[in-house]
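Below is input-v1.csv, holding CSV, C-alpha atoms and all ligand atoms.
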```
chain,number,residue,atom,x,y,z
A,249,MET,CA,110.0,-99.0,176.2
A,250,LYS,CA,108.1,-100.4,179.2
A,251,THR,CA,107.5,-98.8,182.6
A,252,ILE,CA,106.9,-100.5,185.9
A,253,GLU,CA,105.6,-98.3,188.7
A,254,ILE,CA,107.0,-99.0,192.2
A,255,ASN,CA,104.2,-98.0,194.6
A,256,LEU,CA,105.4,-97.7,198.2
A,257,GLU,CA,103.9,-96.2,201.3
A,258,SER,CA,106.4,-93.3,201.3
A,259,THR,CA,106.6,-92.6,197.5
A,260,ARG,CA,106.2,-94.0,194.0
A,261,TYR,CA,108.6,-94.0,191.1
A,262,PRO,CA,109.0,-95.5,187.6
A,263,VAL,CA,111.4,-98.2,186.5
A,264,TYR,CA,112.0,-97.8,182.8
A,265,LEU,CA,113.0,-100.9,180.8
A,266,GLY,CA,114.2,-100.5,177.3
A,267,ARG,CA,117.3,-101.0,175.1
A,268,GLY,CA,118.9,-97.6,174.8
A,269,CYS,CA,116.9,-95.9,177.6
A,270,LEU,CA,120.2,-94.9,179.3
A,271,HIS,CA,120.8,-92.4,176.5
A,272,ASP,CA,117.3,-91.1,176.2
A,273,ARG,CA,117.5,-87.3,176.9
A,274,SER,CA,113.8,-86.8,177.5
A,275,LEU,CA,113.8,-89.4,180.1
A,276,TRP,CA,116.6,-87.8,182.0
A,277,ASN,CA,115.1,-84.4,181.7
A,278,ARG,CA,112.0,-85.8,183.4
A,279,HIS,CA,114.0,-87.0,186.5
A,280,LEU,CA,116.8,-84.6,187.2
A,281,GLY,CA,116.1,-81.7,189.4
A,282,GLN,CA,116.9,-78.0,188.6
A,283,GLY,CA,120.4,-78.1,190.2
A,284,LYS,CA,123.7,-79.8,189.4
A,285,VAL,CA,124.1,-83.4,188.6
A,286,LEU,CA,126.8,-85.6,190.0
A,287,VAL,CA,127.2,-88.9,188.1
A,288,VAL,CA,129.0,-91.6,190.2
A,289,SER,CA,130.5,-94.6,188.4
A,290,ASN,CA,133.5,-96.8,188.6
A,291,GLU,CA,136.7,-97.1,186.6
A,292,THR,CA,135.3,-100.0,184.5
A,293,VAL,CA,131.9,-98.7,183.7
A,294,ALA,CA,132.8,-95.0,183.3
A,295,PRO,CA,134.9,-95.5,180.1
A,296,LEU,CA,132.0,-97.6,178.6
A,297,TYR,CA,128.9,-95.5,179.3
A,298,MET,CA,129.8,-92.2,180.8
A,299,PRO,CA,130.4,-90.3,177.5
A,300,SER,CA,127.0,-91.2,176.0
A,301,LEU,CA,125.3,-90.6,179.3
A,302,LEU,CA,126.9,-87.1,179.5
A,303,GLU,CA,125.7,-86.4,176.0
A,304,ALA,CA,122.2,-87.4,177.0
A,305,LEU,CA,122.3,-85.1,180.0
A,306,GLY,CA,122.9,-82.2,177.6
A,307,GLU,CA,123.8,-78.7,178.8
A,308,ARG,CA,123.1,-79.4,182.4
A,309,GLU,CA,125.9,-78.6,184.9
A,310,THR,CA,127.3,-82.1,185.5
A,311,GLU,CA,130.2,-83.4,187.5
A,312,ILE,CA,131.5,-86.9,187.6
A,313,HIS,CA,133.1,-89.0,190.4
A,314,VAL,CA,134.8,-92.3,189.6
A,315,LEU,CA,135.2,-95.0,192.3
A,316,PRO,CA,137.6,-97.9,192.3
A,317,ASP,CA,136.0,-101.1,191.1
A,318,GLY,CA,135.0,-104.0,193.4
A,319,GLU,CA,133.0,-105.1,196.3
A,320,GLN,CA,136.0,-104.6,198.5
A,321,HIS,CA,135.6,-100.9,197.9
A,322,LYS,CA,132.0,-100.8,199.1
A,323,THR,CA,133.1,-99.0,202.2
A,324,VAL,CA,132.7,-96.0,204.4
A,325,LYS,CA,135.8,-94.6,202.7
A,326,THR,CA,134.3,-94.6,199.1
A,327,TRP,CA,130.9,-93.4,200.5
A,328,GLY,CA,132.9,-90.5,202.2
A,329,SER,CA,134.6,-89.7,199.0
A,330,ILE,CA,131.2,-89.0,197.3
A,331,LEU,CA,130.3,-86.8,200.2
A,332,ASP,CA,133.6,-84.9,199.9
A,333,LYS,CA,132.9,-84.5,196.2
A,334,LEU,CA,129.4,-83.1,196.9
A,335,VAL,CA,130.8,-80.6,199.3
A,336,ALA,CA,133.6,-79.7,196.9
A,337,ILE,CA,131.1,-78.9,194.1
A,338,GLN,CA,128.9,-77.0,196.6
A,339,ALA,CA,126.0,-79.4,196.0
A,340,ARG,CA,122.7,-78.2,197.4
A,341,ARG,CA,119.3,-79.8,198.1
A,342,ASP,CA,118.4,-79.6,194.4
A,343,THR,CA,121.5,-81.6,193.3
A,344,THR,CA,120.8,-85.0,191.8
A,345,LEU,CA,123.1,-88.0,192.2
A,346,VAL,CA,123.2,-90.6,189.4
A,347,ALA,CA,124.5,-94.1,190.0
A,348,LEU,CA,126.0,-95.5,186.8
A,349,GLY,CA,127.2,-99.0,187.4
A,350,GLY,CA,126.4,-102.3,189.1
A,351,GLY,CA,125.0,-102.9,192.6
A,352,VAL,CA,128.2,-101.7,194.3
A,353,VAL,CA,128.1,-98.3,192.7
A,354,GLY,CA,124.3,-98.1,193.2
A,355,ASP,CA,124.4,-99.0,196.9
A,356,ILE,CA,127.2,-96.6,197.8
A,357,THR,CA,125.8,-93.8,195.7
A,358,GLY,CA,122.3,-94.3,197.1
A,359,TYR,CA,123.7,-94.2,200.6
A,360,ALA,CA,125.5,-90.9,199.8
A,361,ALA,CA,122.2,-89.5,198.5
A,362,ALA,CA,120.5,-90.6,201.7
A,363,SER,CA,123.1,-88.9,203.8
A,364,TYR,CA,124.0,-85.7,202.1
A,365,MET,CA,121.8,-82.9,203.6
A,366,ARG,CA,119.7,-85.6,205.1
A,367,GLY,CA,118.6,-86.9,201.7
A,368,ILE,CA,118.9,-85.7,198.1
A,369,ARG,CA,117.4,-87.0,194.9
A,370,PHE,CA,119.1,-89.9,193.1
A,371,VAL,CA,118.5,-91.9,189.9
A,372,GLN,CA,119.7,-95.5,189.4
A,373,ALA,CA,121.2,-96.4,186.1
A,374,PRO,CA,122.1,-100.1,186.7
A,375,THR,CA,124.5,-101.7,184.3
A,376,THR,CA,124.8,-105.3,185.5
A,377,LEU,CA,122.1,-108.0,185.4
A,378,LEU,CA,122.1,-108.3,189.2
A,379,SER,CA,121.6,-104.6,189.7
A,380,GLN,CA,118.9,-104.4,187.0
A,381,VAL,CA,116.8,-107.2,188.5
A,382,ASP,CA,117.4,-106.5,192.2
A,383,ALA,CA,119.8,-103.9,193.6
A,384,SER,CA,118.5,-100.8,191.8
A,385,VAL,CA,114.9,-101.3,192.9
A,386,GLY,CA,113.5,-100.9,196.4
A,387,GLY,CA,115.7,-98.3,198.1
A,388,LYS,CA,118.2,-100.4,200.1
A,389,THR,CA,121.4,-98.5,200.1
A,390,GLY,CA,124.6,-98.9,202.1
A,391,VAL,CA,128.1,-100.1,202.5
A,392,ASN,CA,129.9,-103.1,204.1
A,393,HIS,CA,131.7,-103.2,207.4
A,394,PRO,CA,134.8,-105.5,207.7
A,395,ASN,CA,132.7,-107.6,210.2
A,396,GLY,CA,129.5,-107.7,208.1
A,397,LYS,CA,128.0,-107.2,204.8
A,398,ASN,CA,125.7,-104.1,204.3
A,399,LEU,CA,125.9,-103.4,208.0
A,400,ILE,CA,125.8,-99.6,207.4
A,401,GLY,CA,123.0,-98.1,205.3
A,402,ALA,CA,119.6,-96.6,204.9
A,403,PHE,CA,116.4,-96.9,203.0
A,404,HIS,CA,116.4,-94.2,200.4
A,405,GLN,CA,114.3,-94.7,197.3
A,406,PRO,CA,115.5,-93.5,193.9
A,407,HIS,CA,113.5,-91.0,191.9
A,408,ALA,CA,113.7,-93.3,188.9
A,409,VAL,CA,115.5,-96.4,187.6
A,410,MET,CA,116.7,-96.6,184.0
A,411,ILE,CA,117.2,-100.3,183.0
A,412,ASP,CA,119.0,-100.4,179.7
A,413,SER,CA,119.5,-104.1,178.9
A,414,ALA,CA,121.8,-103.2,176.0
A,415,SER,CA,124.5,-102.4,178.6
A,416,LEU,CA,124.6,-106.1,179.4
A,417,ASP,CA,126.4,-106.6,176.1
A,418,THR,CA,129.7,-105.6,177.7
A,419,LEU,CA,129.2,-107.6,180.9
A,420,GLN,CA,131.5,-110.5,181.5
A,421,ALA,CA,130.0,-114.0,181.6
A,422,ARG,CA,130.7,-114.6,185.3
A,423,GLU,CA,129.0,-111.3,186.2
A,424,PHE,CA,126.0,-112.1,184.0
A,425,ASN,CA,125.7,-115.5,185.7
A,426,ALA,CA,125.9,-114.0,189.1
A,427,GLY,CA,122.9,-111.9,188.2
A,428,MET,CA,121.0,-115.0,187.2
A,429,ALA,CA,121.3,-116.2,190.8
A,430,GLU,CA,119.0,-113.3,191.9
A,431,VAL,CA,116.7,-114.0,189.0
A,432,VAL,CA,116.4,-117.7,190.0
A,433,LYS,CA,115.8,-116.4,193.5
A,434,TYR,CA,112.5,-114.8,192.5
A,435,GLY,CA,111.3,-118.1,191.0
A,436,ALA,CA,112.3,-120.0,194.1
A,437,LEU,CA,110.8,-117.7,196.6
A,438,CYS,CA,107.5,-116.7,195.1
A,439,ASP,CA,107.0,-117.4,191.4
A,440,ARG,CA,106.9,-121.1,190.4
A,441,GLU,CA,105.7,-120.3,186.9
A,442,PHE,CA,108.7,-118.1,186.4
A,443,TYR,CA,111.0,-120.8,187.8
A,444,ASP,CA,109.5,-123.3,185.3
A,445,TRP,CA,110.0,-120.7,182.5
A,446,LEU,CA,113.7,-120.3,183.5
A,447,GLN,CA,114.2,-124.1,183.4
A,448,VAL,CA,112.7,-124.3,179.9
A,449,ASN,CA,114.6,-121.3,178.6
A,450,ALA,CA,117.9,-121.7,180.3
A,451,ALA,CA,119.8,-122.4,177.1
A,452,LEU,CA,118.4,-119.3,175.3
A,453,ILE,CA,119.2,-117.2,178.4
A,454,ALA,CA,122.8,-118.6,178.6
A,455,GLY,CA,123.1,-117.7,174.9
A,456,ARG,CA,122.1,-114.2,175.8
A,457,ASP,CA,118.9,-114.1,173.7
A,458,GLU,CA,117.7,-110.5,173.9
A,459,SER,CA,114.0,-111.1,174.2
A,460,ALA,CA,114.5,-113.8,176.9
A,461,ILE,CA,116.7,-111.5,178.8
A,462,ASP,CA,114.3,-108.6,178.5
A,463,HIS,CA,111.5,-110.9,179.7
A,464,LEU,CA,113.4,-112.1,182.7
A,465,ILE,CA,114.4,-108.6,183.8
A,466,GLU,CA,110.8,-107.5,183.5
A,467,ARG,CA,109.4,-110.5,185.4
A,468,SER,CA,112.0,-110.0,188.2
A,469,VAL,CA,111.3,-106.3,188.6
A,470,LEU,CA,107.5,-107.1,188.7
A,471,ASP,CA,108.1,-109.7,191.4
A,472,LYS,CA,110.3,-107.3,193.4
A,473,ALA,CA,107.8,-104.5,192.9
A,474,GLU,CA,105.0,-106.7,194.2
A,475,ILE,CA,106.9,-107.5,197.4
A,476,VAL,CA,108.4,-104.1,198.3
A,477,GLY,CA,105.0,-102.6,197.5
A,478,GLN,CA,103.6,-104.5,200.4
A,479,ASP,CA,106.6,-104.0,202.8
A,480,GLU,CA,108.9,-101.1,202.0
A,481,LYS,CA,111.1,-101.3,205.1
A,482,GLU,CA,111.3,-105.1,205.6
A,483,SER,CA,109.0,-105.6,208.6
A,484,GLY,CA,107.5,-108.6,207.0
A,485,ILE,CA,107.3,-110.2,203.6
A,486,ARG,CA,110.3,-108.3,202.1
A,487,ALA,CA,112.5,-110.5,204.2
A,488,LEU,CA,111.7,-113.3,201.8
A,489,LEU,CA,114.0,-111.5,199.3
A,490,ASN,CA,116.8,-112.5,201.5
A,491,LEU,CA,116.5,-116.2,200.5
A,492,GLY,CA,120.1,-117.5,200.4
A,493,HIS,CA,121.5,-114.3,201.7
A,494,SER,CA,122.3,-115.2,205.3
A,495,PHE,CA,124.5,-118.1,204.2
A,496,GLY,CA,125.7,-116.0,201.3
A,497,HIS,CA,126.7,-113.0,203.4
A,498,ALA,CA,128.6,-115.3,205.7
A,499,LEU,CA,130.5,-116.7,202.7
A,500,GLU,CA,131.2,-113.2,201.4
A,501,SER,CA,132.6,-111.8,204.6
A,502,GLU,CA,134.6,-115.1,205.3
A,503,THR,CA,136.3,-114.7,201.9
A,504,ALA,CA,136.9,-110.9,202.4
A,505,TYR,CA,134.5,-109.9,199.6
A,506,ASP,CA,137.1,-110.7,196.9
A,507,ARG,CA,136.7,-114.4,196.1
A,508,VAL,CA,133.0,-115.2,195.7
A,509,LEU,CA,130.7,-112.8,193.8
A,510,HIS,CA,127.6,-111.7,195.6
A,511,GLY,CA,125.3,-113.6,193.2
A,512,GLU,CA,127.5,-116.7,193.5
A,513,ALA,CA,127.3,-116.5,197.3
A,514,VAL,CA,123.5,-116.2,197.0
A,515,ALA,CA,123.4,-119.3,194.7
A,516,ILE,CA,125.3,-121.3,197.2
A,517,GLY,CA,123.2,-119.9,200.0
A,518,MET,CA,119.9,-120.7,198.4
A,519,VAL,CA,121.0,-124.4,197.9
A,520,THR,CA,122.1,-124.5,201.6
A,521,ALA,CA,118.8,-123.0,202.7
A,522,ALA,CA,117.0,-125.6,200.6
A,523,LYS,CA,119.0,-128.4,202.2
A,524,LEU,CA,118.1,-127.1,205.6
A,525,SER,CA,114.5,-126.9,204.6
A,526,GLU,CA,114.6,-130.5,203.5
A,527,ASP,CA,116.4,-131.7,206.6
A,528,ARG,CA,113.7,-129.9,208.7
A,529,GLY,CA,110.9,-131.6,206.8
A,530,PHE,CA,109.5,-128.4,205.4
A,531,CYS,CA,109.9,-129.3,201.7
A,532,GLU,CA,110.2,-132.5,199.7
A,533,ALA,CA,113.4,-134.3,199.1
A,534,GLY,CA,115.0,-133.2,195.8
A,535,THR,CA,114.1,-129.5,196.1
A,536,ALA,CA,117.8,-128.5,196.8
A,537,GLU,CA,118.9,-130.7,193.9
A,538,SER,CA,116.4,-129.1,191.5
A,539,LEU,CA,117.6,-125.6,192.5
A,540,ALA,CA,121.2,-126.6,192.1
A,541,ALA,CA,120.5,-128.1,188.7
A,542,LEU,CA,119.0,-124.9,187.5
A,543,LEU,CA,121.7,-122.7,188.9
A,544,LYS,CA,124.4,-124.9,187.3
A,545,LYS,CA,122.8,-124.2,183.9
A,546,PHE,CA,124.1,-120.7,184.5
A,547,GLU,CA,127.5,-122.0,185.6
A,548,LEU,CA,126.9,-120.9,189.2
A,549,PRO,CA,128.6,-122.6,192.1
A,550,VAL,CA,126.3,-124.6,194.4
A,551,HIS,CA,128.7,-125.8,197.0
A,552,ILE,CA,130.5,-124.0,199.8
A,553,PRO,CA,134.2,-124.2,199.0
A,554,ASP,CA,135.9,-127.1,200.9
A,555,ASP,CA,138.7,-125.0,202.4
A,556,LEU,CA,136.3,-122.7,204.3
A,557,SER,CA,135.9,-123.5,208.0
A,558,VAL,CA,132.4,-124.6,209.0
A,559,ASP,CA,132.8,-123.1,212.4
A,560,ARG,CA,134.0,-119.8,211.1
A,561,LEU,CA,131.0,-119.7,208.7
A,562,ALA,CA,128.7,-120.5,211.5
A,563,ALA,CA,130.3,-117.7,213.6
A,564,ALA,CA,129.9,-115.3,210.7
A,565,LEU,CA,126.3,-116.2,210.4
A,566,LYS,CA,125.7,-115.0,214.0
A,567,LEU,CA,127.2,-111.6,213.1
A,568,ASP,CA,124.8,-111.2,210.2
A,569,LYS,CA,122.4,-108.3,210.9
A,570,LYS,CA,119.4,-110.5,210.4
A,571,ALA,CA,120.4,-112.6,213.4
A,572,VAL,CA,118.1,-112.0,216.3
A,573,ALA,CA,118.3,-113.0,220.0
A,574,SER,CA,115.6,-115.6,219.8
A,575,GLY,CA,117.3,-117.6,217.1
A,576,LEU,CA,118.7,-117.1,213.7
A,577,ARG,CA,116.1,-115.9,211.3
A,578,LEU,CA,116.4,-117.7,208.0
A,579,VAL,CA,114.4,-117.8,204.9
A,580,LEU,CA,113.5,-121.4,204.1
A,581,LEU,CA,111.3,-123.2,201.5
A,582,LYS,CA,108.1,-125.1,201.7
A,583,ALA,CA,108.4,-125.7,198.0
A,584,ILE,CA,109.9,-124.0,195.0
A,585,GLY,CA,107.9,-120.8,194.8
A,586,GLU,CA,107.0,-120.8,198.4
A,587,ALA,CA,109.5,-119.3,200.9
A,588,PHE,CA,108.9,-118.4,204.5
A,589,VAL,CA,110.8,-117.0,207.5
A,590,ASP,CA,111.7,-119.4,210.2
A,591,GLN,CA,113.6,-119.0,213.5
A,592,GLY,CA,113.4,-122.5,214.7
A,593,SER,CA,116.7,-124.1,213.3
A,594,THR,CA,119.1,-125.3,216.0
A,595,ALA,CA,122.8,-124.5,215.7
A,596,GLU,CA,123.4,-128.2,215.0
A,597,GLN,CA,120.9,-128.2,212.1
A,598,ILE,CA,122.4,-125.1,210.6
A,599,LEU,CA,125.9,-126.6,210.9
A,600,ASN,CA,124.8,-129.8,209.3
A,601,ALA,CA,123.3,-127.9,206.3
A,602,ILE,CA,126.6,-126.1,205.9
A,603,LYS,CA,128.5,-129.4,206.0
A,604,GLU,CA,126.1,-130.9,203.5
A,605,SER,CA,126.7,-127.9,201.2
A,606,GLN,CA,130.5,-128.5,201.2
A,607,GLY,CA,131.3,-130.8,198.4
B,701,LIG,P1,129.3,-104.9,190.9
B,701,LIG,O1,128.6,-103.6,191.1
B,701,LIG,O2,130.6,-105.1,191.6
B,701,LIG,O3,129.5,-105.1,189.3
B,701,LIG,C1,130.1,-106.3,188.9
B,701,LIG,C2,131.3,-106.0,187.9
B,701,LIG,O4,130.8,-105.7,186.6
B,701,LIG,C3,132.1,-104.9,188.3
B,701,LIG,O5,133.5,-105.2,188.0
B,701,LIG,C4,131.7,-103.7,187.5
B,701,LIG,O6,132.6,-102.7,187.3
B,701,LIG,C5,131.3,-104.4,186.2
B,701,LIG,N1,130.3,-103.8,185.3
B,701,LIG,C6,129.2,-103.2,185.7
B,701,LIG,N2,128.5,-102.9,184.6
B,701,LIG,C7,129.2,-103.4,183.5
B,701,LIG,C8,128.9,-103.4,182.2
B,701,LIG,N3,127.8,-103.0,181.6
B,701,LIG,N4,129.8,-103.9,181.3
B,701,LIG,C9,131.0,-104.4,181.8
B,701,LIG,N5,131.3,-104.4,183.1
B,701,LIG,C10,130.4,-103.9,184.0
B,701,LIG,O7,128.4,-106.1,191.3
B,701,LIG,P2,126.8,-106.4,191.1
B,701,LIG,O8,126.7,-107.8,191.0
B,701,LIG,O9,126.2,-105.5,190.1
B,701,LIG,O10,126.2,-105.9,192.5
B,701,LIG,C11,126.6,-106.6,193.7
B,701,LIG,C12,126.3,-105.6,194.9
B,701,LIG,O11,124.9,-105.3,194.9
B,701,LIG,C13,126.6,-106.2,196.2
B,701,LIG,O12,127.3,-105.3,197.0
B,701,LIG,C14,125.2,-106.5,196.8
B,701,LIG,O13,125.3,-106.4,198.2
B,701,LIG,C15,124.4,-105.4,196.2
B,701,LIG,N6,123.0,-105.7,196.2
B,701,LIG,C16,122.2,-104.7,196.7
B,701,LIG,C17,120.8,-104.9,196.7
B,701,LIG,C18,119.9,-103.9,197.1
B,701,LIG,O14,118.7,-104.2,197.3
B,701,LIG,N7,120.4,-102.7,197.4
B,701,LIG,C19,120.3,-106.2,196.2
B,701,LIG,C20,121.2,-107.1,195.7
B,701,LIG,C21,122.5,-106.9,195.7
B,702,LIG,N1,117.7,-107.5,197.9
B,702,LIG,C1,116.8,-107.6,199.0
B,702,LIG,C2,115.9,-106.5,199.1
B,702,LIG,O1,115.9,-105.6,198.3
B,702,LIG,O2,115.1,-106.4,200.0
```
For this file, write the structure as structure tokens.
Amino acid sequence: MKTIEINLESTRYPVYLGRGCLHDRSLWNRHLGQGKVLVVSNETVAPLYMPSLLEALGERETEIHVLPDGEQHKTVKTWGSILDKLVAIQARRDTTLVALGGGVVGDITGYAAASYMRGIRFVQAPTTLLSQVDASVGGKTGVNHPNGKNLIGAFHQPHAVMIDSASLDTLQAREFNAGMAEVVKYGALCDREFYDWLQVNAALIAGRDESAIDHLIERSVLDKAEIVGQDEKESGIRALLNLGHSFGHALESETAYDRVLHGEAVAIGMVTAAKLSEDRGFCEAGTAESLAALLKKFELPVHIPDDLSVDRLAAALKLDKKAVASGLRLVLLKAIGEAFVDQGSTAEQILNAIKESQG
């Protein structure tokens, strides 16, 4: 098993990487408090991994709470249901919440941990590729509002993250591929060497080669650790992790969170951001094409669906919480491996990039 330390201004915590670590009793004993444990999962993941997790938790007083599955349930309602459960079990400050599932379960549970009694301990046990390489690390927690993705939330860091890549064996291909979008994102925004490695090893990864997958998870977490270590609350460099997300979030909210997966939206959003970067002369022609070619190796969509209205997407972009009065803040590319934040795009340039992305 490997450990990556996340060193932040406010705290530090370990990310464990290892096949089988989800069921490692000694690891859990290290990170659960003295009090009760509430494991939150969803109706898909609970039947797969809850029994063995409960076994690993041993004699400890443990309760479970199972949420409905899906991004459309990442709402104030499901967040409230966790708080209701905490009250019902008379949870106290020494209670630990465990998030067992993908990014949706992790984000909602983390936000419940941030809110209950102004903050209790929680541990992330991510079971999708996307949540293992991104969502479980860095302490962003929250839920969606019908008018905007992740509009409600808090920074609340986990006490530990248990990344068991063996749990990916049960993950559907489409979900695995969606996770690859966030992996490619690290290469595109800050790690050219990793990007090149992904290009060379795409076939192995698509064939779910274990050591390739373990390598890409580790490299992604290291990249994320490096960035959040410099900027815990996104006042600077951390914004680069939002490459593709402004366009992606608009796509997700325009399709009511039930047509395009988050990772798929990020894939399309990254290519759109690359097109805009090319149009504005920041990066060389062909950058968007290279990115699209790599994403397609993981069967990811790279075009905005034709039936979506450009005007509505543009309007949704303005609702994105990253919009600021002085112009839309977008993460653009100078080259693969070199992202930066820019506020200088005109509405027309943004609209053009969206149109170019439909195809
Ligand atoms: P998800 O949580 O919806 O999981 C995807 C699907 O896989 C679900 O149906 C789930 O039940 C199923 N699943 C989970 N683990 C499984 C397993 N091991 N085997 C079989 N099925 C399994 O989606 P996701 O892609 O994991 O996460 C997306 C969410 O993460 C979005 O809401 C996004 O906003 C959020 N996110 C948060 C951060 C952050 O920093 N907090 C970063 C990136 C994404
Ligand atoms: N996924 C973006 C971030 O954690 O900042």
Pick from A:Glu423, A:Glu604, A:Glu480, A:Glu309 nearest to A:His510, counting only C-alpha atoms: A:Glu423
Would you name the residues within 7 Å of ligand LIG 702 (chain B), counting all atoms listed in the file, and put them as a ChimeraX atom specification? /A:382-383,385-386,388,482,486-487,489-490
Do you know which residues are at most 8 Å from stretch 343-354 of chain A counting only C-alpha atoms, after dropping those on the same chain fewer than 2 positions away, and could you put them as a VMD selection string? chain A and resid 280 to 290 293 to 294 298 315 318 to 319 322 339 to 341 356 to 358 361 368 to 376 378 to 379 383 to 384 389
Distance query A:Ile461 at most 10 Å, all atoms listed in the file, self and fewer than 4 positions along chain excluded, as an MDAnalysis selection string: chainID A and resid 377 413 416 452:457 465:467
Please define a box with edges along x, y and z of the file around all atoms of stretch 319-334 of chain A given in the file, extend it by 8 Å on each side, and return its centre and edge lengths in Å to one decimal, as lines of an AutoDock Vina configuration file.
```
center_x = 132.7
center_y = -94.1
center_z = 200.3
size_x = 22.6
size_y = 38.0
size_z = 24.2
```
With distances taken over only C-alpha atoms and all ligand atoms, which residue among A:Ala402, A:Ala336, A:Ile602, A:Ala583 lies nearest ligand LIG 701 (chain B)?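 The shortest atom-to-atom distance to ligand LIG 701 (chain B) comes from A:Ala402.
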Which distance in Å separates atom CA of A:Thr259 and atom CA of A:Asn277, to one decimal? 19.7 Å
Given only C-alpha atoms and all ligand atoms as the basis, pick out the residue of A:Val381, A:Ala563, A:Ala595, A:Ala536 nearest to ligand LIG 701 (chain B).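 Answer, going by the shortest atom-to-atom distance: A:Val381.
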Nearest residue to A:Gly435 out of A:Gln447, A:Thr326, A:Ser274, A:Gln380, using all atoms listed in the file?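 Closest to A:Gly435 of all the choices is A:Gln447.
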Would you list the residues near (129.7, -117.8, 212.6) (no more than 12 Å away, in the coordinates of the file, using all atoms listed in the file) as a VMD selection string? chain A and resid 395 to 396 494 to 495 497 to 499 501 to 502 556 to 568 571 576 595 598 to 599 602
